[in-house]
$ cat query_26.cif   # mmCIF, C-alpha atoms
data_entry
loop_
_atom_site.label_atom_id
_atom_site.label_comp_id
_atom_site.auth_asym_id
_atom_site.auth_seq_id
_atom_site.Cartn_x
_atom_site.Cartn_y
_atom_site.Cartn_z
CA MET A 196 105.65 130.25 128.66
CA THR A 197 108.09 132.74 130.19
CA TYR A 198 107.23 136.28 131.23
CA ASP A 199 109.28 139.19 132.45
CA LEU A 200 108.57 141.17 135.59
CA GLU A 201 106.58 143.91 133.80
CA VAL A 202 104.18 141.35 132.38
CA PHE A 203 103.62 139.91 135.83
CA LYS A 204 103.05 143.40 137.24
CA ALA A 205 100.38 143.96 134.63
CA MET A 206 98.65 140.79 135.79
CA ILE A 207 98.33 141.94 139.41
CA PRO A 208 94.88 143.57 139.20
CA ILE A 209 93.27 140.61 137.46
CA TYR A 210 95.15 138.22 139.74
CA LEU A 211 93.55 139.96 142.69
CA ASN A 212 90.05 140.12 141.23
CA GLY A 213 90.16 136.47 140.19
CA ARG A 214 89.86 137.04 136.44
CA ILE A 215 93.34 135.78 135.57
CA SER A 216 93.49 132.53 133.53
CA PRO A 217 94.52 129.36 135.40
CA THR A 218 97.77 129.13 133.41
CA ASP A 219 98.73 132.72 134.15
CA ARG A 220 97.81 132.26 137.79
CA GLN A 221 100.19 129.35 138.06
CA ALA A 222 102.98 131.35 136.42
CA PHE A 223 102.20 134.35 138.60
CA ASP A 224 102.32 132.30 141.82
CA ALA A 225 105.72 130.97 140.83
CA ALA A 226 106.94 134.47 139.97
CA ARG A 227 105.98 135.80 143.40
CA GLU A 228 108.84 133.82 144.89
CA GLU A 229 111.24 134.83 142.15
CA PHE A 230 110.58 138.61 142.15
CA PRO A 231 110.39 140.37 145.54
CA GLU A 232 109.31 143.61 143.80
CA LEU A 233 106.25 141.81 142.55
CA GLU A 234 105.16 141.09 146.10
CA GLU A 235 105.53 144.77 147.03
CA GLU A 236 103.42 145.85 144.05
CA LEU A 237 100.87 143.17 144.83
CA GLN A 238 100.48 144.46 148.39
CA ALA A 239 99.94 148.03 147.13
CA PHE A 240 97.11 146.89 144.85
CA ALA A 241 95.72 144.60 147.54
CA GLU A 242 95.22 147.63 149.76
CA ILE A 243 93.26 149.34 147.00
CA GLN A 244 91.18 146.21 146.54
CA GLN A 245 90.40 146.09 150.26
CA SER A 246 89.12 149.62 150.07
CA TYR A 247 86.64 148.57 147.37
CA ALA A 248 85.61 145.46 149.32
CA THR A 249 83.41 147.59 151.56
CA GLN A 250 81.72 149.36 148.65
CA THR A 251 78.71 147.06 148.58
CA GLU A 252 77.80 148.52 151.94
CA ARG A 253 77.55 151.99 150.42
CA THR A 254 74.24 153.77 149.93
CA PRO A 255 71.83 151.03 148.87
CA VAL A 256 70.10 151.45 145.56
CA ASP A 257 66.32 151.69 145.79
CA SER A 258 65.92 148.90 143.24
CA ASP A 259 62.14 148.75 143.13
CA ALA A 260 61.67 152.49 142.71
CA LEU A 261 64.20 152.55 139.90
CA PHE A 262 62.56 149.61 138.18
CA VAL A 263 59.16 151.30 138.34
CA ARG A 264 60.71 154.29 136.57
CA ILE A 265 62.23 152.01 133.94
CA GLN A 266 58.84 150.37 133.30
CA SER A 267 57.19 153.75 132.99
CA ASN A 268 59.92 154.87 130.57
CA ILE A 269 59.39 151.76 128.47
CA ARG A 270 55.64 152.37 128.34
CA GLN A 271 56.27 155.94 127.15
CA GLU A 272 58.76 154.75 124.57
CA ASN A 273 56.30 152.17 123.30
CA SER A 274 53.50 154.69 122.90
CA GLY A 275 55.92 157.12 121.18
CA ALA A 276 57.06 154.42 118.77
CA ALA A 277 53.58 154.26 117.27
CA ARG A 278 53.98 157.71 115.73
CA PRO A 279 54.31 157.42 111.98
CA VAL A 280 56.25 160.68 111.44
CA SER A 281 58.35 162.93 113.67
CA ILE A 282 56.94 166.25 114.89
CA GLN A 283 59.55 168.21 112.95
CA ASP A 284 58.62 166.30 109.85
CA PHE A 285 54.94 166.98 110.45
CA PHE A 286 55.44 170.75 110.83
CA HIS A 287 57.72 170.85 107.83
CA ARG A 288 55.04 169.23 105.70
CA LEU A 289 52.37 171.53 107.15
CA GLY A 290 54.49 174.60 106.37
CA ARG A 291 55.01 173.46 102.78
CA PHE A 292 51.26 172.91 102.40
CA PHE A 293 50.35 176.42 103.64
CA SER A 294 53.01 178.17 101.59
CA SER A 295 51.68 176.44 98.47
CA LEU A 296 48.15 177.66 99.33
CA TYR A 297 49.25 181.28 99.82
CA ARG A 298 50.73 181.36 96.34
CA MET A 299 47.12 181.18 95.07
CA PRO A 300 45.47 184.67 95.61
CA GLY A 301 41.86 183.43 95.57
CA LEU A 302 42.58 180.86 98.23
CA SER A 303 44.35 183.43 100.42
CA TRP A 304 41.16 185.47 100.83
CA SER A 305 39.13 182.33 101.46
CA LEU A 306 41.55 181.23 104.19
CA ALA A 307 41.51 184.68 105.81
CA GLY A 308 37.70 184.46 105.88
CA ALA A 309 37.83 180.99 107.40
CA GLN A 310 40.26 182.15 110.10
CA LEU A 311 37.95 185.07 110.98
CA ALA A 312 35.02 182.66 111.26
CA VAL A 313 36.98 180.40 113.63
CA ILE A 314 38.04 183.34 115.83
CA LEU A 315 34.45 184.60 116.03
CA ALA A 316 33.25 181.11 116.90
CA LEU A 317 35.77 180.83 119.75
CA VAL A 318 35.12 184.30 121.20
CA VAL A 319 31.38 184.77 120.69
CA ILE A 320 29.82 181.35 120.41
CA LEU A 321 32.00 179.28 122.80
CA PRO A 322 33.07 181.59 125.64
CA GLY A 323 32.48 178.93 128.31
CA LYS A 324 34.94 176.56 129.98
CA SER A 325 35.74 174.70 126.81
CA GLY A 326 36.81 177.96 125.12
CA TYR A 327 39.74 180.25 125.87
CA ARG A 328 40.95 180.92 129.42
CA THR A 329 42.35 184.13 130.90
CA LEU A 330 45.49 184.12 133.06
CA THR A 331 43.55 185.15 136.18
CA GLU A 332 41.12 182.27 135.90
CA ASN A 333 41.60 179.28 138.27
CA PRO A 334 44.28 177.05 136.82
CA THR A 335 43.79 173.41 136.02
CA VAL A 336 44.86 170.91 138.65
CA ASN A 337 47.30 168.20 137.66
CA GLN A 338 45.29 165.04 138.31
CA ALA A 339 47.94 162.39 137.75
CA ARG A 340 50.59 163.23 140.36
CA VAL A 341 50.64 165.31 143.51
CA SER A 342 53.76 167.23 144.51
CA ILE A 343 54.69 167.48 148.17
CA ASN A 344 57.41 169.60 149.70
CA VAL A 345 59.22 167.78 152.46
CA ALA A 346 62.07 168.56 154.81
CA PHE A 347 63.55 165.76 156.86
CA LYS A 348 65.02 166.09 160.33
CA GLN A 349 68.80 166.41 160.45
CA ASP A 350 69.28 163.11 162.21
CA ALA A 351 67.07 161.22 159.72
CA ARG A 352 68.97 158.32 158.21
CA GLU A 353 68.82 157.58 154.52
CA ALA A 354 67.52 154.06 155.13
CA GLU A 355 64.65 155.46 157.23
CA ILE A 356 63.83 158.00 154.52
CA ARG A 357 63.73 155.28 151.88
CA VAL A 358 61.41 153.13 154.01
CA LEU A 359 59.06 156.08 154.53
CA LEU A 360 59.04 157.02 150.84
CA ARG A 361 58.30 153.44 149.90
CA ALA A 362 55.49 153.28 152.46
CA VAL A 363 53.71 156.27 150.94
CA GLY A 364 54.68 155.44 147.35
CA ALA A 365 56.56 158.72 146.90
CA THR A 366 59.42 159.48 144.54
CA ILE A 367 61.92 162.30 145.03
CA VAL A 368 61.62 164.58 142.02
CA SER A 369 64.07 167.29 143.02
CA GLY A 370 66.06 168.61 145.93
CA PRO A 371 67.48 169.19 148.32
CA SER A 372 67.07 172.99 148.00
CA ALA A 373 69.40 175.35 149.83
CA SER A 374 67.09 175.02 152.83
CA GLY A 375 67.03 171.23 152.67
CA PHE A 376 63.66 170.76 150.97
CA TYR A 377 62.84 167.88 148.66
CA ARG A 378 59.98 167.81 146.21
CA LEU A 379 58.24 164.44 146.22
CA GLU A 380 55.55 163.13 143.96
CA ILE A 381 52.86 160.63 144.78
CA LYS A 382 50.07 159.25 142.64
CA ASN A 383 46.88 161.23 142.96
CA GLY A 384 43.94 159.34 144.37
CA PRO A 385 41.41 159.18 147.19
CA ASN A 386 44.09 158.40 149.78
CA VAL A 387 46.38 161.34 148.98
CA GLU A 388 45.45 163.25 152.13
CA ALA A 389 46.11 160.16 154.27
CA LEU A 390 49.52 159.73 152.67
CA VAL A 391 50.39 163.38 153.21
CA SER A 392 49.44 163.15 156.86
CA LYS A 393 51.45 159.95 157.19
CA LEU A 394 54.42 161.95 155.93
CA LYS A 395 53.64 164.84 158.29
CA ASN A 396 53.38 162.54 161.29
CA ALA A 397 56.55 160.60 160.57
CA ASP A 398 59.22 161.03 163.23
CA ILE A 399 61.92 161.84 160.72
CA VAL A 400 59.94 164.60 158.96
CA ARG A 401 60.02 168.19 160.11
CA PHE A 402 57.82 169.61 157.36
CA ALA A 403 55.49 168.15 154.75
CA GLU A 404 52.89 170.03 152.74
CA LYS A 405 51.31 169.62 149.34
CA SER A 406 53.16 171.89 146.96
CA LEU A 407 51.57 175.04 145.56
CA SER A 408 52.82 173.80 142.23
CA ASN A 409 49.96 171.23 142.18
CA LEU A 410 47.91 174.10 140.80
CA ILE A 411 50.10 174.41 137.74
CA ARG A 412 48.93 172.96 134.49
CA PRO A 413 50.36 169.54 133.70
CA GLY A 414 53.68 169.58 131.91
CA ARG A 415 54.85 172.88 133.34
CA ASN A 416 58.11 173.15 135.23
CA ASN A 417 56.74 173.97 138.66
CA THR A 418 59.98 174.98 140.30
CA ALA A 419 60.78 177.37 137.50
CA HIS A 420 57.30 178.88 137.67
CA TYR A 421 57.28 179.60 141.38
CA GLY A 422 60.98 180.26 141.71
CA GLN A 423 63.44 178.80 144.20
CA GLY A 424 61.86 180.61 147.15
CA GLY A 425 58.42 179.08 146.62
CA VAL A 426 58.94 176.15 148.96
CA ASP A 427 60.51 178.30 151.62
CA ARG A 428 57.62 180.77 151.48
CA GLN A 429 55.22 177.88 151.92
CA TRP A 430 57.30 176.65 154.87
CA HIS A 431 57.27 180.03 156.57
CA ALA A 432 53.57 180.52 155.87
CA SER A 433 52.83 177.23 157.61
CA LEU A 434 54.54 178.30 160.84
CA MET B 121 82.12 138.02 139.17
CA ASN B 122 80.11 134.83 139.27
CA LYS B 123 81.13 132.36 136.54
CA ARG B 124 77.59 131.19 135.84
CA GLU B 125 76.51 134.77 135.15
CA PRO B 126 77.46 135.16 131.45
CA ASP B 127 75.25 132.25 130.33
CA GLU B 128 72.48 133.21 132.66
CA LEU B 129 72.56 136.84 131.54
CA ASN B 130 72.58 135.74 127.89
CA ALA B 131 69.49 133.63 128.44
CA LEU B 132 67.76 136.45 130.28
CA LEU B 133 68.53 138.96 127.54
CA LEU B 134 67.24 136.52 124.94
CA GLU B 135 63.98 136.24 126.86
CA THR B 136 63.88 140.01 127.30
CA ALA B 137 64.12 140.39 123.53
CA LYS B 138 60.95 138.27 123.29
CA GLY B 139 59.18 140.68 125.63
CA ASN B 140 59.47 138.57 128.78
CA GLN B 141 59.19 141.12 131.57
CA GLU B 142 60.12 138.68 134.33
CA ALA B 143 63.38 137.87 132.58
CA PHE B 144 64.03 141.58 132.17
CA ARG B 145 63.45 142.13 135.88
CA GLU B 146 65.85 139.33 136.74
CA LEU B 147 68.44 140.75 134.38
CA TYR B 148 68.01 144.08 136.12
CA ASP B 149 68.29 142.48 139.57
CA LEU B 150 71.55 140.75 138.65
CA THR B 151 73.24 143.77 137.13
CA HIS B 152 71.83 147.07 138.35
CA ASN B 153 73.71 147.42 141.63
CA LYS B 154 77.16 147.46 140.08
CA LEU B 155 75.92 149.46 137.15
CA TYR B 156 74.54 152.09 139.51
CA PHE B 157 77.91 152.54 141.20
CA PHE B 158 79.69 152.52 137.85
CA VAL B 159 77.52 155.39 136.66
CA ALA B 160 77.76 157.11 140.05
CA ARG B 161 81.53 157.13 139.67
CA MET B 162 81.18 159.01 136.38
CA VAL B 163 78.29 161.35 137.03
CA LYS B 164 78.24 162.13 140.78
CA ASP B 165 74.81 163.84 140.91
CA GLN B 166 72.46 161.18 142.30
CA MET B 167 69.45 162.29 140.29
CA VAL B 168 71.40 162.17 137.05
CA VAL B 169 72.81 158.77 138.04
CA GLU B 170 69.28 157.45 138.44
CA GLU B 171 68.24 158.94 135.11
CA VAL B 172 71.18 157.29 133.38
CA VAL B 173 70.40 153.92 135.00
CA VAL B 174 66.73 154.18 134.02
CA ASP B 175 67.65 155.15 130.45
CA THR B 176 70.22 152.36 130.25
CA TYR B 177 67.71 149.65 131.08
CA THR B 178 65.09 151.26 128.86
CA ALA B 179 67.61 151.09 126.00
CA ALA B 180 68.53 147.51 126.96
CA TRP B 181 64.84 146.51 126.80
CA LYS B 182 64.39 148.24 123.44
CA ASN B 183 67.56 146.88 121.87
CA ALA B 184 67.71 143.41 123.45
CA GLY B 185 66.82 141.90 120.08
CA LYS B 186 69.77 143.65 118.43
CA PHE B 187 72.35 142.13 120.80
CA LYS B 188 74.68 140.06 118.62
CA GLY B 189 76.66 138.37 121.37
CA ARG B 190 79.95 139.95 120.26
CA SER B 191 80.53 140.96 123.87
CA LYS B 192 79.20 139.75 127.20
CA VAL B 193 75.74 140.94 128.18
CA GLN B 194 77.06 142.80 131.19
CA THR B 195 79.73 144.50 129.08
CA TRP B 196 77.07 145.50 126.56
CA ILE B 197 74.84 147.02 129.25
CA PHE B 198 77.75 148.84 130.86
CA GLY B 199 78.70 150.17 127.42
CA ILE B 200 75.21 151.64 127.00
CA ALA B 201 75.44 153.18 130.47
CA ARG B 202 78.85 154.64 129.72
CA ASN B 203 77.60 156.37 126.56
CA LEU B 204 74.56 157.78 128.34
CA ALA B 205 76.69 158.91 131.28
CA MET B 206 79.10 160.65 128.91
CA ASN B 207 76.17 162.50 127.33
CA ALA B 208 74.98 163.53 130.78
CA ILE B 209 78.47 164.73 131.69
CA ARG B 210 78.66 166.78 128.51
CA LYS B 211 75.39 168.43 129.49
CA GLN B 212 76.34 169.02 133.08
CA ARG B 213 80.09 169.60 132.98
CA HIS B 214 80.24 168.26 136.50
CA HIS B 215 83.76 168.10 137.81
CA SER B 216 85.16 166.98 141.11
CA ALA B 217 88.63 168.46 141.44
CA LEU B 218 91.26 168.17 144.09
CA GLU B 219 90.85 171.81 145.07
CA GLU B 220 87.19 171.17 145.90
CA LEU B 221 88.36 168.95 148.74
CA PRO B 222 91.08 171.09 150.34
CA HIS B 223 90.73 169.41 153.71
CA LEU B 224 92.21 166.24 152.23
CA ALA B 225 95.26 167.92 150.74
CA THR B 226 97.04 168.45 154.03
CA ASN B 227 100.77 168.60 154.64
CA GLY B 228 102.72 166.76 157.32
CA SER B 229 102.18 163.35 158.80
CA ILE B 230 98.90 162.11 160.10
CA ASP B 231 98.66 161.40 163.83
CA ASN B 232 97.80 157.73 163.72
CA PRO B 233 98.83 156.29 160.35
CA ALA B 234 98.13 152.67 161.16
CA ALA B 235 94.59 153.31 162.36
CA ASP B 236 93.71 155.77 159.59
CA ARG B 237 95.41 154.02 156.71
CA LYS B 238 92.34 152.39 155.21
CA ASP B 239 90.37 155.55 155.67
CA MET B 240 93.05 157.63 153.98
CA ILE B 241 93.23 155.26 151.03
CA ALA B 242 89.46 155.46 150.66
CA LYS B 243 89.66 159.26 150.73
CA GLY B 244 92.61 159.23 148.35
CA LEU B 245 90.63 157.14 145.88
CA GLN B 246 87.79 159.64 146.02
CA ILE B 247 89.96 162.47 144.80
CA LEU B 248 91.56 160.68 141.88
CA SER B 249 90.48 161.77 138.42
CA SER B 250 87.24 160.22 137.15
CA LYS B 251 89.15 158.08 134.65
CA HIS B 252 91.43 156.66 137.32
CA GLN B 253 88.59 156.06 139.75
CA GLN B 254 86.56 154.44 137.03
CA VAL B 255 89.19 151.95 135.94
CA LEU B 256 90.12 150.93 139.50
CA GLU B 257 86.48 150.48 140.37
CA MET B 258 85.88 148.38 137.26
CA VAL B 259 88.71 146.05 138.26
CA PHE B 260 88.29 145.87 142.01
CA PHE B 261 84.59 146.53 142.56
CA GLN B 262 82.91 145.30 139.40
CA GLY B 263 85.43 142.51 138.80
CA PHE B 264 85.92 143.02 135.07
CA ASN B 265 89.02 141.82 133.25
CA TYR B 266 91.08 144.07 130.96
CA GLU B 267 89.34 143.02 127.74
CA GLU B 268 85.88 143.71 129.17
CA ILE B 269 86.94 147.12 130.46
CA ALA B 270 88.45 147.93 127.07
CA ASP B 271 85.14 146.99 125.42
CA ILE B 272 83.06 149.12 127.77
CA LEU B 273 85.32 152.16 127.67
CA ASP B 274 86.02 151.76 123.96
CA VAL B 275 89.80 151.90 124.41
CA SER B 276 92.59 149.40 123.83
CA VAL B 277 93.55 146.74 126.37
CA ASN B 278 96.95 148.40 126.71
CA THR B 279 95.31 151.69 127.57
CA VAL B 280 93.35 149.95 130.31
CA LYS B 281 96.49 148.36 131.75
CA THR B 282 98.37 151.66 131.63
CA ARG B 283 95.45 153.50 133.17
CA VAL B 284 95.26 151.05 136.09
CA PHE B 285 98.93 151.57 136.88
CA TYR B 286 98.76 155.33 136.49
CA ALA B 287 95.75 155.28 138.80
CA LYS B 288 97.77 153.50 141.46
CA LYS B 289 100.63 155.96 140.95
CA ALA B 290 98.24 158.91 141.19
CA LEU B 291 96.81 157.46 144.39
CA HIS B 292 100.26 157.30 145.94
CA GLN B 293 100.97 160.87 144.89
CA THR B 294 97.68 161.96 146.41
CA LEU B 295 98.47 160.11 149.61
CA ASP B 296 101.87 161.82 149.71
CA LYS B 297 100.06 165.16 149.57
CA MET B 298 97.83 163.96 152.37
CA GLY B 299 100.88 163.20 154.47
CA VAL B 300 100.67 159.43 154.25
CA THR B 301 104.15 158.04 153.60
CA LYS B 302 104.80 154.99 151.46
CA ASN B 303 105.67 153.05 154.57
CA ASP B 304 102.22 153.71 155.92
CA ILE B 305 100.89 151.94 152.90
#

$ encode --input "query_26.cif" --output "structure tokens"
Amino acid sequence: MTYDLEVFKAMIPIYLNGRISPTDRQAFDAAREEFPELEEELQAFAEIQQSYATQTERTPVDSDALFVRIQSNIRQENSGAARPVSIQDFFHRLGRFFSSLYRMPGLSWSLAGAQLAVILALVVILPGKSGYRTLTENPTVNQARVSINVAFKQDAREAEIRVLLRAVGATIVSGPSASGFYRLEIKNGPNVEALVSKLKNADIVRFAEKSLSNLIRPGRNNTAHYGQGGVDRQWHASL
Amino acid sequence: MNKREPDELNALLLETAKGNQEAFRELYDLTHNKLYFFVARMVKDQMVVEEVVVDTYTAAWKNAGKFKGRSKVQTWIFGIARNLAMNAIRKQRHHSALEELPHLATNGSIDNPAADRKDMIAKGLQILSSKHQQVLEMVFFQGFNYEEIADILDVSVNTVKTRVFYAKKALHQTLDKMGVTKNDI
């Protein structure tokens, strides 16, 4: 098989990365002697390849932490897959049901009466903790995860940070903020305080405190609720 | 790329489709590092990169049974990652442009071209367009051939070849702007 120079040039990248076929490799090796331009082009690409050769030494991926997240995602997906109908579908059906009821005048009054009875039951009969809650009442604590605001020292190396996070079982949820704060999450449990103090006492940490956002109800966006300055206020208050 | 990998990855995906979590973990161990950097090249923001990687393997777990073997397992997984990364990019509109790195676009010669050459090439690669970075990385870091890259990026093989050569040309133009002459390279 005969090739022209352009075809050989096109082979250079796969020649360098070892994916060229044995036949083409043989032809390419022969062509290197025949075409001096090919050698020049090969050297230019070889320099690019050398630059990528060091890429495996780049920031290491925290494989285990990522895999834990994948497993958790899969669990969520599996539990979601058990739903027979989508939420939109459900509300659509519900809406159609109520609109059909309101076209019947007798039923409308009955439903209004039923609604009044439910409201009275909630306000008068069940005013305790299981009933409604005012905004000034103590909020619910998120039991599953605990958020911690952390700032690392400037000379802290990424590898050291990863080791520390793994040691306390923490995951970075957001950050860094303008002031260099990260929000971490750890599993709630009896040893939470010990883990927080382990963070506080670590040489590479300059600040670590449980976030105020732990007082937010589960599912809320804590950062949005307290605003960007929330962490910084907590930092200054601790000084 | 290791030659025993395609068969091994096929077997692992087959086991994954049966719900074998150990096989899935092994599949992840063999592929995630390169996938991470592939996504990182497209998305830049580390948190989004992690999200895309997590979603990619979640999708791989879910759809392992649907894999028909028309492409290699690694190509299939990278294809999923590419689509998810593109969605993330559409949401974020995250761009890294030459003007964001003005310190690299200097005029005049560098003081010690021989010593800095590798460093300058590395910097030059960083400021290429995402498409050019991506294709060079897929060839020289991930070790794909043209057909596999075409599969993952959903473009023709000729487009891949052209893109590789334009990437090299763009790198040289960038290096010119940085004051590195062709002789330095």

$ resolve_selection --input "query_26.cif" --expression "the PyMOL selection byres ((chain B) within 6 of (chain A))" --output "PyMOL selection string"
chain B and resi 174+178+242+260-261+263+265

$ closest_residue --input "query_26.cif" --among "B:Ala208, B:Val255, B:Lys289, B:Ala179" --to "Asp165 (chain B)" --atoms "all atoms listed in the file"
B:Ala208

$ resolve_selection --input "query_26.cif" --expression "the PyMOL selection byres ((chain B and resi 203) around 12)" --output "ChimeraX atom specification"
/B:159,162-163,172-173,175-176,179,196-202,204-210,272-274

$ atom_distance --input "query_26.cif" --atom1 "CA of Asn344 (chain A)" --atom2 "CA of Ser392 (chain A)"
12.5 Å

$ atom_distance --input "query_26.cif" --atom1 "CA of Glu142 (chain B)" --atom2 "CA of Phe187 (chain B)"
18.6 Å

$ atom_distance --input "query_26.cif" --atom1 "CA of Leu150 (chain B)" --atom2 "CA of Leu129 (chain B)"
8.2 Å

$ resolve_selection --input "query_26.cif" --expression "the PyMOL selection byres ((chain B and resi 281-283) around 12)" --output "number ranges by chain"
A: 201-209; B: 248-259, 265-270, 273, 275-280, 284-291

$ residues_around --input "query_26.cif" --residues "Lys186 (chain B)" --least-positions-apart "4" --cutoff "12 Å" --atoms "only C-alpha atoms" --output "PyMOL selection string"
chain B and resi 133-134+136-138+179-182+190+193+196

$ write_last_selection --input "query_26.cif" --atoms "C-alpha atoms" --output "CSV table (one decimal), in the coordinates of the input"
chain,number,residue,atom,x,y,z
B,133,LEU,CA,68.5,139.0,127.5
B,134,LEU,CA,67.2,136.5,124.9
B,136,THR,CA,63.9,140.0,127.3
B,137,ALA,CA,64.1,140.4,123.5
B,138,LYS,CA,61.0,138.3,123.3
B,179,ALA,CA,67.6,151.1,126.0
B,180,ALA,CA,68.5,147.5,127.0
B,181,TRP,CA,64.8,146.5,126.8
B,182,LYS,CA,64.4,148.2,123.4
B,190,ARG,CA,80.0,140.0,120.3
B,193,VAL,CA,75.7,140.9,128.2
B,196,TRP,CA,77.1,145.5,126.6

$ residues_near_point --input "query_26.cif" --point "(59.0, 167.5, 157.0)" --cutoff "10 Å" --atoms "all atoms listed in the file" --output "VMD selection string"
chain A and resid 343 to 348 375 to 377 394 to 404 430

$ closest_residue --input "query_26.cif" --among "B:Val300, B:Ala160, B:Glu171, B:Lys211" --to "Gln246 (chain B)" --atoms "only C-alpha atoms"
B:Ala160

$ decode --input "query_26.cif" --residues "region 149-198 of chain B" --atoms "C-alpha atoms" --output "PDB file, in the first residue's frame"
ATOM      1  CA  ASP B 149     -11.247   1.961  39.175  1.00  0.00           C
ATOM      2  CA  LEU B 150      -9.992   1.190  35.667  1.00  0.00           C
ATOM      3  CA  THR B 151     -11.650   4.123  33.952  1.00  0.00           C
ATOM      4  CA  HIS B 152     -12.444   6.989  36.295  1.00  0.00           C
ATOM      5  CA  ASN B 153      -9.066   8.713  36.406  1.00  0.00           C
ATOM      6  CA  LYS B 154      -8.905   9.467  32.707  1.00  0.00           C
ATOM      7  CA  LEU B 155     -12.594  10.191  32.604  1.00  0.00           C
ATOM      8  CA  TYR B 156     -12.184  12.732  35.386  1.00  0.00           C
ATOM      9  CA  PHE B 157      -9.526  14.639  33.450  1.00  0.00           C
ATOM     10  CA  PHE B 158     -11.543  14.364  30.245  1.00  0.00           C
ATOM     11  CA  VAL B 159     -14.497  16.019  31.956  1.00  0.00           C
ATOM     12  CA  ALA B 160     -12.220  18.494  33.734  1.00  0.00           C
ATOM     13  CA  ARG B 161     -10.953  19.625  30.342  1.00  0.00           C
ATOM     14  CA  MET B 162     -14.514  20.431  29.288  1.00  0.00           C
ATOM     15  CA  VAL B 163     -16.055  21.810  32.448  1.00  0.00           C
ATOM     16  CA  LYS B 164     -13.256  23.421  34.499  1.00  0.00           C
ATOM     17  CA  ASP B 165     -15.223  23.933  37.752  1.00  0.00           C
ATOM     18  CA  GLN B 166     -14.091  21.083  40.016  1.00  0.00           C
ATOM     19  CA  MET B 167     -17.436  20.652  41.742  1.00  0.00           C
ATOM     20  CA  VAL B 168     -19.250  20.373  38.428  1.00  0.00           C
ATOM     21  CA  VAL B 169     -16.589  17.947  37.187  1.00  0.00           C
ATOM     22  CA  GLU B 170     -17.262  15.711  40.174  1.00  0.00           C
ATOM     23  CA  GLU B 171     -21.011  15.934  39.614  1.00  0.00           C
ATOM     24  CA  VAL B 172     -20.593  14.939  35.980  1.00  0.00           C
ATOM     25  CA  VAL B 173     -18.346  11.999  36.915  1.00  0.00           C
ATOM     26  CA  VAL B 174     -20.803  10.828  39.579  1.00  0.00           C
ATOM     27  CA  ASP B 175     -23.728  11.138  37.151  1.00  0.00           C
ATOM     28  CA  THR B 176     -21.781   9.351  34.420  1.00  0.00           C
ATOM     29  CA  TYR B 177     -21.158   6.266  36.533  1.00  0.00           C
ATOM     30  CA  THR B 178     -24.693   6.369  37.896  1.00  0.00           C
ATOM     31  CA  ALA B 179     -25.934   6.316  34.296  1.00  0.00           C
ATOM     32  CA  ALA B 180     -23.441   3.564  33.420  1.00  0.00           C
ATOM     33  CA  TRP B 181     -24.765   1.441  36.305  1.00  0.00           C
ATOM     34  CA  LYS B 182     -28.373   2.060  35.270  1.00  0.00           C
ATOM     35  CA  ASN B 183     -27.831   1.446  31.573  1.00  0.00           C
ATOM     36  CA  ALA B 184     -25.192  -1.303  31.688  1.00  0.00           C
ATOM     37  CA  GLY B 185     -27.793  -3.795  30.496  1.00  0.00           C
ATOM     38  CA  LYS B 186     -28.564  -1.653  27.445  1.00  0.00           C
ATOM     39  CA  PHE B 187     -24.952  -1.644  26.210  1.00  0.00           C
ATOM     40  CA  LYS B 188     -25.011  -3.332  22.797  1.00  0.00           C
ATOM     41  CA  GLY B 189     -21.276  -3.577  22.230  1.00  0.00           C
ATOM     42  CA  ARG B 190     -21.380  -1.356  19.140  1.00  0.00           C
ATOM     43  CA  SER B 191     -18.520   0.643  20.623  1.00  0.00           C
ATOM     44  CA  LYS B 192     -15.879  -0.083  23.239  1.00  0.00           C
ATOM     45  CA  VAL B 193     -16.966   0.142  26.857  1.00  0.00           C
ATOM     46  CA  GLN B 194     -14.595   3.008  27.555  1.00  0.00           C
ATOM     47  CA  THR B 195     -15.840   4.894  24.497  1.00  0.00           C
ATOM     48  CA  TRP B 196     -19.416   4.352  25.650  1.00  0.00           C
ATOM     49  CA  ILE B 197     -18.698   5.688  29.143  1.00  0.00           C
ATOM     50  CA  PHE B 198     -16.803   8.676  27.777  1.00  0.00           C
TER      51      PHE B 198
END
